[in-house]
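Visitor: For reference, this is my_file08.csv, and it has CSV, C-alpha atoms.
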chain,number,residue,atom,x,y,z
A,12,SER,CA,7.9,-7.6,-16.4
A,13,ASP,CA,5.4,-8.3,-19.1
A,14,MET,CA,6.1,-12.0,-19.3
A,15,THR,CA,5.1,-15.5,-18.3
A,16,TYR,CA,7.1,-18.7,-17.8
A,17,ASP,CA,6.9,-22.3,-16.6
A,18,ALA,CA,9.4,-24.5,-14.8
A,19,LEU,CA,9.6,-28.2,-15.3
A,20,HIS,CA,11.9,-30.8,-13.7
A,21,VAL,CA,13.7,-33.9,-14.9
A,22,ARG,CA,14.5,-36.8,-12.5
A,23,ASN,CA,16.5,-39.8,-13.6
A,24,GLY,CA,16.2,-38.7,-17.2
A,25,ARG,CA,12.4,-38.3,-17.2
A,26,VAL,CA,10.4,-35.1,-17.4
A,27,PHE,CA,7.7,-35.0,-14.8
A,28,ARG,CA,4.2,-34.2,-15.8
A,29,MET,CA,5.4,-32.4,-19.0
A,30,GLU,CA,2.0,-32.2,-20.6
A,31,ASP,CA,0.4,-30.7,-17.5
A,32,HIS,CA,3.1,-28.0,-17.4
A,33,LEU,CA,2.5,-27.4,-21.1
A,34,ASP,CA,-1.3,-27.1,-20.5
A,35,ARG,CA,-0.6,-24.4,-17.9
A,36,TRP,CA,1.9,-22.7,-20.3
A,37,GLU,CA,-0.7,-22.5,-23.0
A,38,ARG,CA,-3.2,-21.0,-20.6
A,39,SER,CA,-0.7,-18.5,-19.5
A,40,ILE,CA,0.3,-17.3,-22.9
A,41,ALA,CA,-3.4,-17.1,-23.9
A,42,ALA,CA,-4.0,-14.9,-20.8
A,43,ARG,CA,-1.1,-12.7,-21.8
A,44,ARG,CA,-2.4,-12.6,-25.4
A,45,TYR,CA,1.0,-13.6,-26.9
A,46,THR,CA,0.5,-14.7,-30.5
A,47,THR,CA,4.0,-15.2,-32.0
A,48,LEU,CA,5.5,-17.9,-29.7
A,49,PRO,CA,6.5,-21.4,-30.8
A,50,ASP,CA,3.6,-23.8,-30.8
A,51,ARG,CA,3.2,-26.6,-28.2
A,52,ASP,CA,5.1,-29.3,-30.3
A,53,ALA,CA,8.0,-26.9,-30.8
A,54,VAL,CA,8.2,-25.9,-27.2
A,55,ARG,CA,8.1,-29.6,-26.2
A,56,ASN,CA,11.0,-30.4,-28.5
A,57,ILE,CA,13.0,-27.4,-27.4
A,58,LEU,CA,12.8,-28.1,-23.7
A,59,ILE,CA,13.7,-31.8,-24.2
A,60,ASP,CA,16.6,-30.7,-26.5
A,61,CYS,CA,17.9,-28.3,-23.8
A,62,VAL,CA,18.2,-31.2,-21.3
A,63,ARG,CA,19.7,-33.6,-24.0
A,64,ARG,CA,22.3,-31.1,-25.0
A,65,ALA,CA,23.2,-30.3,-21.4
A,66,ARG,CA,23.4,-34.0,-20.7
A,67,LEU,CA,21.5,-33.6,-17.4
A,68,ARG,CA,19.8,-36.5,-15.8
A,69,ASP,CA,18.3,-34.3,-13.1
A,70,ALA,CA,17.4,-30.8,-14.2
A,71,MET,CA,15.2,-27.8,-13.9
A,72,VAL,CA,14.0,-26.5,-17.3
A,73,TYR,CA,12.7,-23.0,-17.8
A,74,ILE,CA,10.5,-21.8,-20.7
A,75,ILE,CA,9.8,-18.1,-20.9
A,76,GLY,CA,7.6,-15.9,-23.0
A,77,THR,CA,7.8,-12.1,-23.1
A,78,ARG,CA,5.8,-9.4,-24.7
A,79,GLY,CA,8.9,-8.7,-26.8
A,80,GLU,CA,9.9,-6.0,-29.1
A,81,ALA,CA,7.5,-3.2,-30.2
A,82,ILE,CA,7.5,-2.6,-34.0
A,83,ASP,CA,7.1,1.1,-33.7
A,84,GLY,CA,7.5,4.0,-31.2
A,85,LEU,CA,3.8,3.7,-30.2
A,86,LYS,CA,4.6,0.4,-28.4
A,87,ASP,CA,1.3,-1.1,-29.3
A,88,LEU,CA,1.1,-4.3,-27.2
A,89,ARG,CA,-1.0,-6.0,-29.8
A,90,HIS,CA,1.8,-5.8,-32.4
A,91,CYS,CA,4.9,-6.7,-30.5
A,92,GLN,CA,7.1,-9.6,-31.6
A,93,ASN,CA,6.9,-11.9,-28.6
A,94,GLY,CA,10.1,-13.3,-27.3
A,95,PHE,CA,10.9,-16.9,-26.2
A,96,MET,CA,13.7,-18.4,-24.1
A,97,ALA,CA,14.5,-21.8,-22.8
A,98,TRP,CA,17.3,-23.4,-20.8
A,99,ALA,CA,18.1,-26.3,-18.5
A,100,VAL,CA,20.3,-26.2,-15.3
A,101,PRO,CA,21.2,-28.9,-12.8
A,102,TYR,CA,18.2,-29.7,-10.5
A,103,TYR,CA,17.9,-27.7,-7.2
A,104,GLY,CA,15.3,-27.2,-4.5
A,105,VAL,CA,13.8,-24.2,-2.8
A,106,ILE,CA,15.4,-25.5,0.4
A,107,PRO,CA,18.8,-27.2,0.8
A,108,GLY,CA,18.8,-31.0,0.8
A,109,ASP,CA,20.2,-31.1,4.3
A,110,ARG,CA,17.1,-29.3,5.6
A,111,MET,CA,14.6,-31.9,4.2
A,112,ASP,CA,14.4,-33.8,7.5
A,113,ASP,CA,14.2,-31.1,10.1
A,114,GLY,CA,12.5,-28.5,7.8
A,115,VAL,CA,12.8,-24.8,7.5
A,116,GLU,CA,11.6,-21.8,9.5
A,117,ILE,CA,9.2,-19.3,7.8
A,118,ILE,CA,7.5,-16.1,8.8
A,119,ILE,CA,4.0,-14.9,8.1
A,120,SER,CA,4.8,-11.6,6.5
A,121,SER,CA,3.3,-8.2,7.2
A,122,VAL,CA,3.5,-7.6,3.5
A,123,GLN,CA,0.1,-8.1,1.8
A,124,ARG,CA,0.1,-10.3,-1.3
A,125,ILE,CA,-0.7,-8.4,-4.6
A,126,PRO,CA,-4.5,-8.9,-5.1
A,127,PRO,CA,-5.5,-11.3,-7.9
A,128,GLU,CA,-7.7,-8.5,-9.3
A,129,SER,CA,-4.5,-6.7,-10.1
A,130,VAL,CA,-2.1,-9.5,-11.1
A,131,ASP,CA,-3.5,-13.0,-11.8
A,132,PRO,CA,-1.4,-15.4,-9.7
A,133,THR,CA,-2.4,-18.4,-11.8
A,134,VAL,CA,-0.3,-17.0,-14.6
A,135,LYS,CA,3.3,-17.6,-13.6
A,136,ASN,CA,5.4,-14.4,-13.6
A,137,PHE,CA,8.5,-12.7,-12.2
A,138,GLY,CA,6.6,-9.7,-10.9
A,139,ARG,CA,7.6,-10.5,-7.3
A,140,LEU,CA,8.1,-7.2,-5.6
A,141,ASP,CA,5.7,-8.2,-2.8
A,142,PHE,CA,7.7,-11.4,-2.2
A,143,SER,CA,11.0,-9.4,-2.3
A,144,ARG,CA,9.8,-7.1,0.5
A,145,ALA,CA,8.5,-10.1,2.5
A,146,LEU,CA,11.8,-12.0,2.1
A,147,MET,CA,13.8,-8.9,3.4
A,148,GLU,CA,11.5,-9.0,6.4
A,149,ALA,CA,12.2,-12.7,6.8
A,150,TYR,CA,16.0,-12.2,6.6
A,151,ASP,CA,15.8,-9.5,9.2
A,152,LYS,CA,14.1,-12.1,11.5
A,153,GLY,CA,16.7,-14.8,10.8
A,154,CYS,CA,14.5,-16.8,8.4
A,155,ASP,CA,14.9,-17.6,4.7
A,156,HIS,CA,11.2,-17.8,3.6
A,157,ALA,CA,8.0,-15.9,4.0
A,158,VAL,CA,4.3,-16.6,3.3
A,159,LEU,CA,2.0,-13.8,2.5
A,160,LEU,CA,-1.6,-13.0,3.5
A,161,ASP,CA,-4.2,-11.5,1.3
A,162,GLN,CA,-6.3,-8.4,2.0
A,163,ASP,CA,-8.7,-10.4,4.0
A,164,GLY,CA,-6.1,-12.0,6.2
A,165,TYR,CA,-6.1,-15.4,4.5
A,166,VAL,CA,-2.8,-17.3,3.7
A,167,THR,CA,-1.8,-17.3,0.1
A,168,GLU,CA,1.7,-18.5,-0.9
A,169,GLY,CA,5.4,-17.9,-0.8
A,170,ARG,CA,7.8,-17.0,-3.5
A,171,GLY,CA,7.8,-20.0,-5.9
A,172,TRP,CA,5.9,-22.4,-3.6
A,173,ASN,CA,2.4,-23.3,-2.3
A,174,ILE,CA,1.7,-24.3,1.3
A,175,PHE,CA,-0.2,-27.1,3.1
A,176,ALA,CA,-1.3,-27.3,6.7
A,177,LEU,CA,-2.5,-30.5,8.5
A,178,HIS,CA,-5.3,-29.9,10.9
A,179,GLY,CA,-7.3,-32.7,12.6
A,180,GLY,CA,-6.3,-35.2,10.0
A,181,THR,CA,-7.2,-33.0,7.0
A,182,LEU,CA,-4.6,-31.3,4.8
A,183,VAL,CA,-5.6,-27.8,3.6
A,184,SER,CA,-4.0,-25.6,0.9
A,185,PRO,CA,-5.3,-22.1,0.0
A,186,ASP,CA,-7.9,-22.2,-2.6
A,187,ALA,CA,-7.5,-18.7,-4.0
A,188,GLY,CA,-4.9,-16.0,-4.7
A,189,VAL,CA,-2.2,-18.5,-5.5
A,190,LEU,CA,-0.5,-20.3,-8.4
A,191,GLU,CA,-2.2,-23.5,-9.2
A,192,GLY,CA,1.0,-25.5,-8.7
A,193,VAL,CA,1.6,-28.8,-10.4
A,194,THR,CA,3.2,-30.2,-7.3
A,195,ARG,CA,0.2,-28.9,-5.2
A,196,ARG,CA,-2.1,-30.7,-7.6
A,197,THR,CA,0.0,-33.9,-7.4
A,198,VAL,CA,-0.2,-33.8,-3.6
A,199,ILE,CA,-4.0,-33.6,-3.7
A,200,GLU,CA,-4.1,-36.5,-6.1
A,201,LEU,CA,-1.8,-38.6,-4.0
A,202,CYS,CA,-4.0,-37.9,-1.0
A,203,ARG,CA,-7.0,-39.2,-2.8
A,204,HIS,CA,-5.2,-42.4,-3.7
A,205,GLY,CA,-3.6,-42.7,-0.2
A,206,ASN,CA,-6.7,-42.3,1.9
A,207,ILE,CA,-5.6,-38.9,3.2
A,208,LYS,CA,-8.2,-36.2,3.6
A,209,ALA,CA,-7.1,-33.1,1.6
A,210,GLU,CA,-8.9,-30.0,0.3
A,211,LEU,CA,-8.4,-26.6,-1.0
A,212,GLY,CA,-9.8,-24.1,1.4
A,213,LYS,CA,-9.2,-21.0,3.6
A,214,LEU,CA,-6.3,-20.8,6.1
A,215,ARG,CA,-5.7,-18.1,8.7
A,216,ALA,CA,-2.3,-17.3,10.1
A,217,ALA,CA,-3.4,-19.0,13.4
A,218,ASP,CA,-4.2,-22.2,11.4
A,219,LEU,CA,-0.6,-22.4,10.3
A,220,ARG,CA,0.8,-21.9,13.7
A,221,ASP,CA,-1.6,-24.4,15.3
A,222,ALA,CA,-1.1,-27.1,12.6
A,223,ASP,CA,0.2,-30.6,13.3
A,224,GLU,CA,2.3,-30.5,10.1
A,225,VAL,CA,3.1,-27.8,7.6
A,226,PHE,CA,4.9,-28.2,4.3
A,227,MET,CA,5.7,-26.3,1.1
A,228,THR,CA,5.4,-27.6,-2.4
A,229,SER,CA,7.3,-26.7,-5.5
A,230,THR,CA,8.7,-28.2,-8.7
A,231,ALA,CA,12.0,-27.1,-7.2
A,232,GLY,CA,12.2,-29.4,-4.2
A,233,GLY,CA,8.9,-31.3,-4.2
A,234,ILE,CA,7.4,-31.6,-0.7
A,235,MET,CA,9.4,-29.6,1.8
A,236,PRO,CA,8.7,-29.6,5.6
A,237,VAL,CA,8.3,-26.5,7.7
A,238,ARG,CA,9.5,-26.9,11.3
A,239,LYS,CA,8.6,-23.4,12.6
A,240,VAL,CA,6.2,-20.6,11.7
A,241,ASP,CA,7.1,-17.3,13.3
A,242,GLU,CA,8.0,-18.4,16.9
A,243,THR,CA,5.9,-21.5,16.9
A,244,VAL,CA,7.4,-24.9,16.5
A,245,ILE,CA,5.2,-27.1,14.3
A,246,GLY,CA,4.5,-30.6,15.7
A,247,THR,CA,7.7,-32.2,16.9
A,248,GLY,CA,9.9,-29.7,15.1
A,249,SER,CA,10.9,-32.2,12.4
A,250,ARG,CA,9.3,-33.7,9.3
A,251,GLY,CA,5.9,-35.3,10.2
A,252,PRO,CA,4.6,-38.7,9.2
A,253,VAL,CA,2.1,-37.4,6.6
A,254,THR,CA,4.7,-35.2,5.0
A,255,THR,CA,7.1,-38.1,4.9
A,256,ARG,CA,4.6,-40.5,3.4
A,257,LEU,CA,3.5,-38.0,0.7
A,258,SER,CA,7.1,-37.2,-0.1
A,259,ASP,CA,8.0,-40.8,-0.6
A,260,MET,CA,4.9,-41.3,-2.8
A,261,TYR,CA,5.7,-38.2,-4.8
A,262,TRP,CA,9.2,-39.2,-5.7
A,263,THR,CA,8.1,-42.8,-6.5
A,264,LEU,CA,5.6,-41.3,-9.0
A,265,HIS,CA,8.5,-40.0,-11.1
A,266,ASP,CA,9.2,-43.4,-12.4
A,267,ASP,CA,5.6,-44.0,-13.5
A,268,PRO,CA,5.3,-43.8,-17.3
A,269,ALA,CA,1.9,-42.3,-16.8
A,270,TYR,CA,3.4,-39.2,-15.1
A,271,SER,CA,6.8,-38.9,-16.8
A,272,THR,CA,8.4,-38.7,-20.2
A,273,PRO,CA,11.8,-40.3,-21.0
A,274,ILE,CA,14.4,-38.3,-22.7
A,275,ASP,CA,16.3,-40.0,-25.5
A,276,TYR,CA,19.9,-38.9,-24.8
Could you take the file, read its structure, and then write that structure out as structure tokens?
Guide:
Amino acid sequence: SDMTYDALHVRNGRVFRMEDHLDRWERSIAARRYTTLPDRDAVRNILIDCVRRARLRDAMVYIIGTRGEAIDGLKDLRHCQNGFMAWAVPYYGVIPGDRMDDGVEIIISSVQRIPPESVDPTVKNFGRLDFSRALMEAYDKGCDHAVLLDQDGYVTEGRGWNIFALHGGTLVSPDAGVLEGVTRRTVIELCRHGNIKAELGKLRAADLRDADEVFMTSTAGGIMPVRKVDETVIGTGSRGPVTTRLSDMYWTLHDDPAYSTPIDY
């Protein structure tokens, strides 16, 4: 449980926003105070080599750091030999490809998100017991995904994804208590270039249910539409025009040399 990780993706043989992911990786290992992991150049070479050796043109790549092995029975965290793992697998999304048009149904869980004062959500981790409880609640209600609220009743995130809601022509994504997702960041940037109003702010449960469009964002899947929140159908019940436009812009960006790094197979 004392770990951090990052997940990158490869499309058409190009790693998307690799240096942005490595920036977040370095912030995470600094926050964990790991000191014996490979340096940035080594991590970059390892993750590229994972994809090259697997001969994958479209992949998810994971890099993981752990507290590792204690050198004595006292288990002094300052003197552990930190562990590192990396692997590549064929690309996959949070939701199946055949749901990308109509979207998925989510619930607003009764399970409260672990407060950031206890576990910093900006440091990626697998400590997901709150999400696990929320997902069991979702399964019981016939859904596959759940979004959690914080202690003040504001929307945070789901397991492995951020969320956006379109209200009155403005896209809003939660500004606190969430992972600062690379895909979330990309959406905000695309909105600025595409003359779409977008901001990080506060969302209540009612704001999701009353939204014109709702979508999830993740490295695993990109921009993924939500058709129903609890018992409320969002918009027309299928992927909305803003979601569609942003998704098209997002995948086009993957061929831009400014945003992607080619792998020499």
Visitor: Using only C-alpha atoms, which of A:Ile207, A:Leu140, A:Ala53, A:Cys154 sits nearest Gly114 in chain A?
Guide: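 Under the stated criterion, the closest residue is A:Cys154.
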Visitor: Which residue, A:Ala157, A:Ala187, A:Leu214, A:Leu257, has the smallest gap to Leu201 in chain A when you use only C-alpha atoms?
Guide: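 Among the listed residues, the smallest separation from Leu201 in chain A belongs to A:Leu257.
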Visitor: Could you give me, as a ChimeraX atom specification, the residues within 7 Å of Asn136 in chain A, counting all atoms listed in the file and dropping anything in the same chain fewer than 2 positions from it?
Guide: /A:14-16,134,138
Visitor: Go ahead and save the residues from that selection, with C-alpha atoms, as a JSON list (two decimals), in the coordinates of the input.
Guide:
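Written out: result.json:
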[["chain", "number", "residue", "atom", "x", "y", "z"],
["A", 14, "MET", "CA", 6.10, -12.00, -19.30],
["A", 15, "THR", "CA", 5.10, -15.50, -18.30],
["A", 16, "TYR", "CA", 7.10, -18.70, -17.80],
["A", 134, "VAL", "CA", -0.30, -17.00, -14.60],
["A", 138, "GLY", "CA", 6.60, -9.70, -10.90]]
Visitor: Suppose you want the space between CA of Ser143 in chain A and CA of Ile125 in chain A; what is it in Å?
Guide: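 Going from CA of Ser143 in chain A over to CA of Ile125 in chain A covers 12.0 Å.
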Visitor: Pick the closest to Leu160 in chain A from A:Thr243, A:Thr228, A:Gln123, A:Thr194: which is it, counting only C-alpha atoms?
Guide: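 That would be A:Gln123, the residue with the smallest distance to Leu160 in chain A.
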Visitor: Pick out the residues sitting within 8 Å of Ile106 in chain A, and hand them over as a PyMOL selection string; count all atoms listed in the file, and ignore anything fewer than 3 positions along from it in its own chain.
Guide: chain A and resi 110-111+115+232+235
Visitor: Quick one, how far is CA of Ala81 in chain A from CA of Cys61 in chain A?
Guide: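 According to the coordinates, CA of Ala81 in chain A and CA of Cys61 in chain A are separated by 27.9 Å.
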Visitor: Which one is closest to Asp34 in chain A: A:Leu219, A:Ala97, A:Glu191, A:Pro132? Count only C-alpha atoms.
Guide: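 Looking at the shortest contact to Asp34 in chain A, the residue is A:Glu191.
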Visitor: Considering all atoms listed in the file, state which residue in the set A:Val62, A:Val189, A:Ile199, A:Ala209 is at the smallest distance from Asp131 in chain A.
Guide: A:Val189
Visitor: So that I can see what lies close to Asp186 in chain A, please list as a PDB file with C-alpha atoms, in the coordinates of the input the residues with an atom at most 8 Å from it, counting only C-alpha atoms and leaving out residues fewer than 4 positions away in the same chain.
Guide:
ATOM      1  CA  LEU A 211      -8.400 -26.600  -1.000  1.00  0.00           C
ATOM      2  CA  GLY A 212      -9.800 -24.100   1.400  1.00  0.00           C
ATOM      3  CA  LYS A 213      -9.200 -21.000   3.600  1.00  0.00           C
TER       4      LYS A 213
END
Visitor: Could you work out how far CA of Gly246 in chain A lies from CA of Tyr165 in chain A, giving the answer in Å with one decimal?
Guide: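 Atom-to-atom, CA of Tyr165 in chain A and CA of Gly246 in chain A are spaced 21.7 Å apart.
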Visitor: Which of these, A:Val166, A:Val253, A:Ile57, A:Val158, has the shortest distance to Val198 in chain A once you count all atoms listed in the file?
Guide: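 Checking each of A:Val166, A:Val253, A:Ile57, A:Val158 against Val198 in chain A, counting all atoms listed in the file, the winner is A:Val253.
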Visitor: Write out as a list in words each polymer residue whose atoms come within 10 Å of Glu80 in chain A, counting only C-alpha atoms; drop sequence neighbours fewer than 5 positions from it.
Guide: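 The residues satisfying every condition are Lys86, Asp87, Leu88, His90, Cys91, Gln92, Asn93 and Gly94 of chain A.
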Visitor: Give me the residues near range 271-276 of chain A as an MDAnalysis selection string, where near means some atom within 8 Å (using all atoms listed in the file) and where sequence neighbours in that chain fewer than 5 positions away do not count.
Guide: chainID A and resid 24:29 59 63 66 265:266
